[in-house]
>>> print(open('start.cif').read())   # mmCIF, C-alpha atoms
data_start
#
loop_
_atom_site.label_atom_id
_atom_site.label_comp_id
_atom_site.auth_asym_id
_atom_site.auth_seq_id
_atom_site.Cartn_x
_atom_site.Cartn_y
_atom_site.Cartn_z
CA MET X 1 87.34 87.25 95.32
CA ALA X 2 89.07 89.53 92.84
CA VAL X 3 92.84 89.62 93.02
CA GLY X 4 94.59 92.82 92.11
CA GLU X 5 98.13 94.03 92.14
CA VAL X 6 100.43 96.93 92.77
CA LEU X 7 103.10 97.07 90.12
CA ALA X 8 106.63 98.46 90.04
CA THR X 9 109.11 98.15 87.20
CA THR X 10 112.59 99.15 86.10
CA ARG X 11 115.08 98.44 83.34
CA VAL X 12 118.67 97.44 84.07
CA GLY X 13 121.70 97.31 81.80
CA LEU X 14 122.60 93.65 82.48
CA GLY X 15 121.55 90.72 80.32
CA LEU X 16 118.81 88.40 81.54
CA ASP X 17 121.01 85.76 83.23
CA ASP X 18 123.24 88.33 84.92
CA ALA X 19 120.23 90.38 86.04
CA PHE X 20 118.63 87.32 87.62
CA ARG X 21 121.85 86.46 89.44
CA ALA X 22 122.24 90.06 90.63
CA PHE X 23 118.64 90.13 91.87
CA THR X 24 118.89 86.87 93.80
CA GLU X 25 122.54 86.24 94.71
CA ASP X 26 123.39 89.92 95.37
CA ILE X 27 120.19 90.79 97.22
CA ASP X 28 122.15 91.62 100.37
CA HIS X 29 124.04 94.30 98.40
CA TRP X 30 121.00 96.18 97.14
CA TRP X 31 118.02 95.43 99.42
CA GLN X 32 116.87 98.54 101.29
CA ARG X 33 116.66 97.41 104.88
CA ASP X 34 114.28 98.23 107.66
CA PRO X 35 115.99 101.26 109.32
CA ALA X 36 115.56 99.46 112.66
CA ARG X 37 117.80 96.63 111.38
CA PRO X 38 120.51 98.42 109.38
CA ASP X 39 123.11 95.66 109.81
CA ALA X 40 120.82 92.78 108.87
CA ILE X 41 122.00 90.31 106.23
CA VAL X 42 119.32 89.70 103.60
CA GLN X 43 119.56 86.47 101.65
CA PHE X 44 117.70 83.63 100.02
CA HIS X 45 118.22 80.67 102.34
CA GLY X 46 116.70 77.42 101.13
CA ASP X 47 113.15 78.22 100.12
CA ARG X 48 113.03 81.40 102.19
CA LEU X 49 114.06 85.02 101.94
CA VAL X 50 115.29 86.05 105.35
CA SER X 51 116.80 89.06 107.11
CA VAL X 52 119.32 87.92 109.73
CA ALA X 53 120.38 90.35 112.46
CA ALA X 54 121.64 90.26 116.04
CA GLU X 55 118.06 90.90 117.18
CA GLY X 56 116.88 87.79 115.40
CA THR X 57 115.89 86.41 112.02
CA GLU X 58 113.03 88.02 110.15
CA PHE X 59 111.12 85.87 107.68
CA LEU X 60 110.44 88.02 104.62
CA ALA X 61 109.07 85.52 102.14
CA GLU X 62 108.71 81.90 101.15
CA VAL X 63 109.70 80.93 97.62
CA ALA X 64 106.69 79.48 95.80
CA GLN X 65 108.29 79.28 92.36
CA TRP X 66 111.92 79.59 91.28
CA SER X 67 112.32 79.68 87.50
CA PRO X 68 115.67 81.25 86.56
CA PRO X 69 116.29 83.51 84.76
CA SER X 70 112.78 84.82 84.28
CA LEU X 71 110.59 84.41 87.37
CA VAL X 72 110.54 84.18 91.15
CA GLU X 73 107.22 83.95 92.98
CA LEU X 74 107.16 84.67 96.69
CA ARG X 75 104.57 84.26 99.40
CA TRP X 76 105.21 87.65 100.94
CA HIS X 77 105.51 88.17 104.72
CA GLY X 78 107.76 91.24 104.70
CA PRO X 79 106.98 94.96 104.81
CA HIS X 80 103.43 96.00 103.85
CA SER X 81 102.27 92.35 103.89
CA GLN X 82 98.86 90.91 104.59
CA PRO X 83 98.10 87.17 104.86
CA GLY X 84 97.89 85.65 101.41
CA ASP X 85 100.01 88.30 99.66
CA VAL X 86 102.01 87.08 96.67
CA VAL X 87 104.95 88.94 95.11
CA ILE X 88 105.95 87.98 91.59
CA VAL X 89 109.30 89.09 90.18
CA GLU X 90 109.45 88.84 86.39
CA LEU X 91 112.57 89.43 84.28
CA SER X 92 112.42 89.71 80.50
CA PRO X 93 114.86 90.80 77.79
CA ASP X 94 114.62 94.51 76.93
CA GLY X 95 117.07 95.40 74.18
CA VAL X 96 120.55 94.70 75.50
CA GLY X 97 119.24 94.98 79.06
CA THR X 98 116.51 93.42 81.18
CA ARG X 99 113.09 94.63 82.28
CA VAL X 100 112.37 93.75 85.92
CA THR X 101 108.75 93.91 87.06
CA ILE X 102 107.43 93.32 90.56
CA ARG X 103 103.74 92.52 91.03
CA HIS X 104 102.43 92.61 94.61
CA ARG X 105 99.15 90.70 94.46
CA ARG X 106 96.43 90.75 97.07
CA ASP X 107 92.83 89.63 97.31
CA GLY X 108 90.45 92.53 96.90
CA LEU X 109 92.97 94.93 95.43
CA VAL X 110 91.52 96.34 92.25
CA PRO X 111 93.82 95.75 89.25
CA GLY X 112 96.12 98.64 88.52
CA ALA X 113 95.78 100.05 92.01
CA GLY X 114 99.24 101.54 91.81
CA ALA X 115 102.05 101.75 89.32
CA GLY X 116 104.59 104.02 90.93
CA GLY X 117 101.67 106.40 91.26
CA VAL X 118 97.98 106.20 90.52
CA THR X 119 97.74 108.15 87.28
CA GLY X 120 95.59 106.20 84.86
CA THR X 121 94.58 103.63 87.46
CA TRP X 122 91.12 102.65 88.73
CA TRP X 123 91.66 104.56 91.97
CA GLY X 124 93.09 107.58 90.21
CA ASP X 125 90.21 107.70 87.73
CA LEU X 126 87.71 107.33 90.54
CA LEU X 127 89.26 110.20 92.48
CA ARG X 128 89.32 112.43 89.41
CA ARG X 129 85.58 111.80 88.88
CA LEU X 130 84.93 112.45 92.57
CA ALA X 131 86.90 115.67 92.40
CA ALA X 132 84.83 116.78 89.41
CA ALA X 133 81.57 115.93 91.16
CA HIS X 134 82.57 117.36 94.57
CA PRO X 135 85.37 119.88 93.97
CA SER X 136 86.02 120.93 97.56
CA PRO X 137 86.31 117.84 99.78
CA VAL X 138 88.49 115.61 97.59
CA ARG X 139 92.23 115.93 98.00
CA GLN X 140 93.10 115.25 94.40
CA GLY X 141 96.63 114.79 93.13
CA GLN X 142 98.39 114.46 96.49
CA MET F 1 97.33 98.64 106.39
CA SER F 2 94.57 100.19 108.47
CA ASP F 3 91.30 98.42 109.25
CA GLN F 4 89.51 100.98 107.08
CA VAL F 5 91.70 100.19 104.06
CA GLY F 6 91.14 96.47 104.60
CA ALA F 7 87.38 96.99 104.86
CA THR F 8 87.40 99.11 101.70
CA LEU F 9 89.34 96.49 99.76
CA VAL F 10 86.95 93.75 100.87
CA ALA F 11 83.95 95.89 99.97
CA LEU F 12 85.36 96.64 96.52
CA ALA F 13 86.37 93.05 95.74
CA ASP F 14 82.90 92.57 94.25
CA PRO F 15 82.40 93.89 90.68
CA THR F 16 78.82 95.04 91.33
CA ARG F 17 79.96 97.09 94.30
CA ARG F 18 82.76 98.57 92.20
CA GLY F 19 80.10 99.46 89.61
CA ILE F 20 78.06 101.23 92.29
CA VAL F 21 81.12 103.18 93.45
CA GLU F 22 82.03 104.13 89.87
CA ALA F 23 78.48 105.33 89.20
CA LEU F 24 78.34 107.36 92.42
CA ALA F 25 81.70 108.96 91.64
CA HIS F 26 79.83 111.04 89.04
CA GLY F 27 77.34 112.29 91.63
CA ARG F 28 74.46 111.32 93.91
CA LEU F 29 71.94 108.76 92.62
CA SER F 30 68.73 107.22 93.90
CA ALA F 31 68.40 103.47 94.45
CA GLY F 32 66.18 103.24 91.37
CA GLU F 33 68.70 105.07 89.21
CA LEU F 34 71.51 102.82 90.47
CA ALA F 35 69.51 99.65 89.83
CA ALA F 36 68.71 100.79 86.29
CA HIS F 37 72.32 101.81 85.62
CA LEU F 38 73.73 98.49 86.84
CA ASP F 39 70.84 96.33 85.57
CA VAL F 40 70.34 94.56 88.91
CA THR F 41 67.23 93.91 90.98
CA ALA F 42 66.33 96.11 93.93
CA ALA F 43 67.05 93.22 96.31
CA VAL F 44 70.54 92.65 94.94
CA LEU F 45 71.26 96.37 95.00
CA THR F 46 70.10 96.69 98.60
CA ARG F 47 72.42 93.86 99.66
CA HIS F 48 75.44 95.50 98.01
CA LEU F 49 74.59 98.98 99.28
CA ARG F 50 74.40 97.58 102.81
CA VAL F 51 78.01 96.33 102.48
CA LEU F 52 79.19 99.67 101.09
CA ARG F 53 77.44 101.59 103.89
CA ALA F 54 78.96 99.27 106.51
CA GLY F 55 82.36 99.96 104.96
CA ARG F 56 81.66 103.72 105.22
CA LEU F 57 82.09 104.11 101.47
CA VAL F 58 78.54 105.24 100.82
CA THR F 59 76.06 107.34 102.75
CA VAL F 60 72.31 107.66 102.26
CA ALA F 61 69.83 110.47 102.84
CA LEU F 62 66.21 111.15 102.00
CA ASP F 63 65.61 113.29 98.93
CA PRO F 64 64.46 116.69 100.32
CA ASN F 65 62.13 117.04 97.33
CA ASP F 66 60.63 113.58 97.65
CA TYR F 67 60.85 111.83 101.00
CA ARG F 68 60.03 108.48 99.40
CA ARG F 69 63.39 108.47 97.57
CA HIS F 70 66.70 107.45 99.13
CA ILE F 71 69.69 109.26 97.63
CA TYR F 72 73.11 107.59 97.83
CA GLU F 73 76.41 109.42 97.86
CA LEU F 74 80.03 108.24 97.71
CA LEU F 75 82.27 109.26 100.62
CA PRO F 76 85.74 110.12 99.30
CA ASP F 77 87.89 109.54 102.39
CA PRO F 78 88.06 105.69 102.24
CA VAL F 79 88.94 105.88 98.54
CA ILE F 80 91.68 108.41 99.21
CA GLU F 81 92.99 106.23 102.04
CA VAL F 82 93.27 103.19 99.75
CA ARG F 83 94.87 105.28 97.01
CA ASP F 84 97.47 106.56 99.51
CA TRP F 85 98.08 103.05 100.85
CA ALA F 86 98.54 101.65 97.31
CA ASP F 87 100.93 104.51 96.56
CA ASP F 88 102.98 103.63 99.67
CA LEU F 89 103.18 99.98 98.59
CA ALA F 90 104.15 100.91 95.02
CA GLY F 91 106.70 103.34 96.46
CA PHE F 92 108.24 100.61 98.60
CA TRP F 93 108.78 98.33 95.60
CA GLN F 94 109.85 101.14 93.29
CA GLY F 95 112.46 102.10 95.91
CA GLN F 96 113.75 98.52 96.07
CA LEU F 97 113.97 98.38 92.29
CA ALA F 98 115.78 101.72 92.12
CA SER F 99 118.34 100.34 94.57
CA PHE F 100 118.64 97.16 92.50
CA ALA F 101 119.11 99.17 89.29
CA ALA F 102 121.87 101.23 90.95
CA HIS F 103 123.58 98.01 92.05
CA THR F 104 123.46 96.50 88.54
CA GLU F 105 124.86 99.72 87.10
CA GLU F 106 127.82 99.51 89.51
CA LYS F 107 128.38 95.91 88.43
CA ARG F 108 128.19 96.79 84.77
CA ARG F 109 130.69 99.64 85.13
CA GLY F 110 132.97 97.42 87.20
CA ARG F 111 133.10 94.92 84.37
CA GLY F 112 133.83 97.64 81.85
CA ARG F 113 136.92 98.71 83.78
CA ARG F 114 138.45 95.22 83.68
#
>>> encode(input="start.cif", output="structure tokens")
Amino acid sequence: MAVGEVLATTRVGLGLDDAFRAFTEDIDHWWQRDPARPDAIVQFHGDRLVSVAAEGTEFLAEVAQWSPPSLVELRWHGPHSQPGDVVIVELSPDGVGTRVTIRHRRDGLVPGAGAGGVTGTWWGDLLRRLAAAHPSPVRQGQ
Amino acid sequence: MSDQVGATLVALADPTRRGIVEALAHGRLSAGELAAHLDVTAAVLTRHLRVLRAGRLVTVALDPNDYRRHIYELLPDPVIEVRDWADDLAGFWQGQLASFAAHTEEKRRGRGRR
């Protein structure tokens, strides 16, 4: 079965080693929590990424590969997950800073399904062609 | 993820079915035209079209000018639903990365003040 990915990326002003430490060791400082668990503590604990709250511990991911300072691969069980989902976090030098890229991989997801939007992607191209062929029913550019 | 999105992703995991969907995105086509475009046999095409129809991605009707011809048409709603779902997923991760970038900027400025 084809495996595709949704991709998100950013650049940060820290060097590679510091960026990796900030991503992993400081995750509780920056992770956007489930609004239903605003006081949860999010941390890597052993080979797991967990969210610990009074209501209980939520298992977000299992670490499949830990290769500091450039890569963490997670078997994803958190928000938006489906069985078999893999999330790959890649860090690479970008000038004096670091490029951080997250790839959310899933069976059956056509490559380039999303990249902070769908412009230029397989789905976006398909919808543009559909809109050209059937102008009225396709909600293009939502 | 809705059942429809899951069914659409499964249906489109196959490259031949993606080829059918891409071809139909330009407009309605007969089975013969699709088979010629994709260079597959009628039997193979029928099998893939059955999956796409079951996934409600494609509909079929008789050609009003020639009742021997079946005309296939792409239904946009499942495609739009997957596009919206993929956008939500990308938005979730882009939001996490934006929060991470803000955190690293705070750290960087904190160091600069020392």
>>> closest_residue(input="start.cif", among="F:Pro78, F:Gly110, F:Gly32, F:Gly95", to="chain X", atoms="only C-alpha atoms")
F:Gly95
>>> interface_residues(input="start.cif", of="chain F", to="chain X", cutoff="10 Å", atoms="all atoms listed in the file", output="MDAnalysis selection string")
chainID F and resid 1 6:15 18 21:28 74:77 79:80 82:105 107:109
>>> atom_distance(input="start.cif", atom1="CA of Glu62 in chain X", atom2="CA of Trp76 in chain X")
6.7 Å
>>> closest_residue(input="start.cif", among="F:Leu29, F:Ala43, F:Leu34, F:Val5", to="Glu73 in chain F", atoms="only C-alpha atoms")
F:Leu29
>>> atom_distance(input="start.cif", atom1="CA of Ala54 in chain F", atom2="CA of Asp85 in chain X")
24.7 Å
>>> resolve_selection(input="start.cif", expression="the PyMOL selection byres ((chain X and resi 89-91) around 8)", output="PyMOL selection string")
chain X and resi 16+19-20+69-73+87-88+92-93+98-103
>>> axis_aligned_box(input="start.cif", around="range 54-62 of chain X", padding_each_side="3 Å", output="AutoDock Vina command-line options")
--center_x 115.2 --center_y 86.4 --center_z 109.2 --size_x 18.9 --size_y 15.0 --size_z 22.0
>>> atom_distance(input="start.cif", atom1="CA of Arg48 in chain X", atom2="CA of Glu25 in chain X")
13.0 Å
>>> resolve_selection(input="start.cif", expression="the PyMOL selection byres ((chain X and resi 54) around 9)", output="list in words")
Arg37, Asp39, Ala40, Val52, Ala53, Glu55, Gly56 and Thr57 of chain X
>>> residues_near_point(input="start.cif", point="(105.0, 83.3, 101.4)", cutoff="8 Å", atoms="only C-alpha atoms", output="PyMOL selection string")
chain X and resi 60-64+74-77+84-86
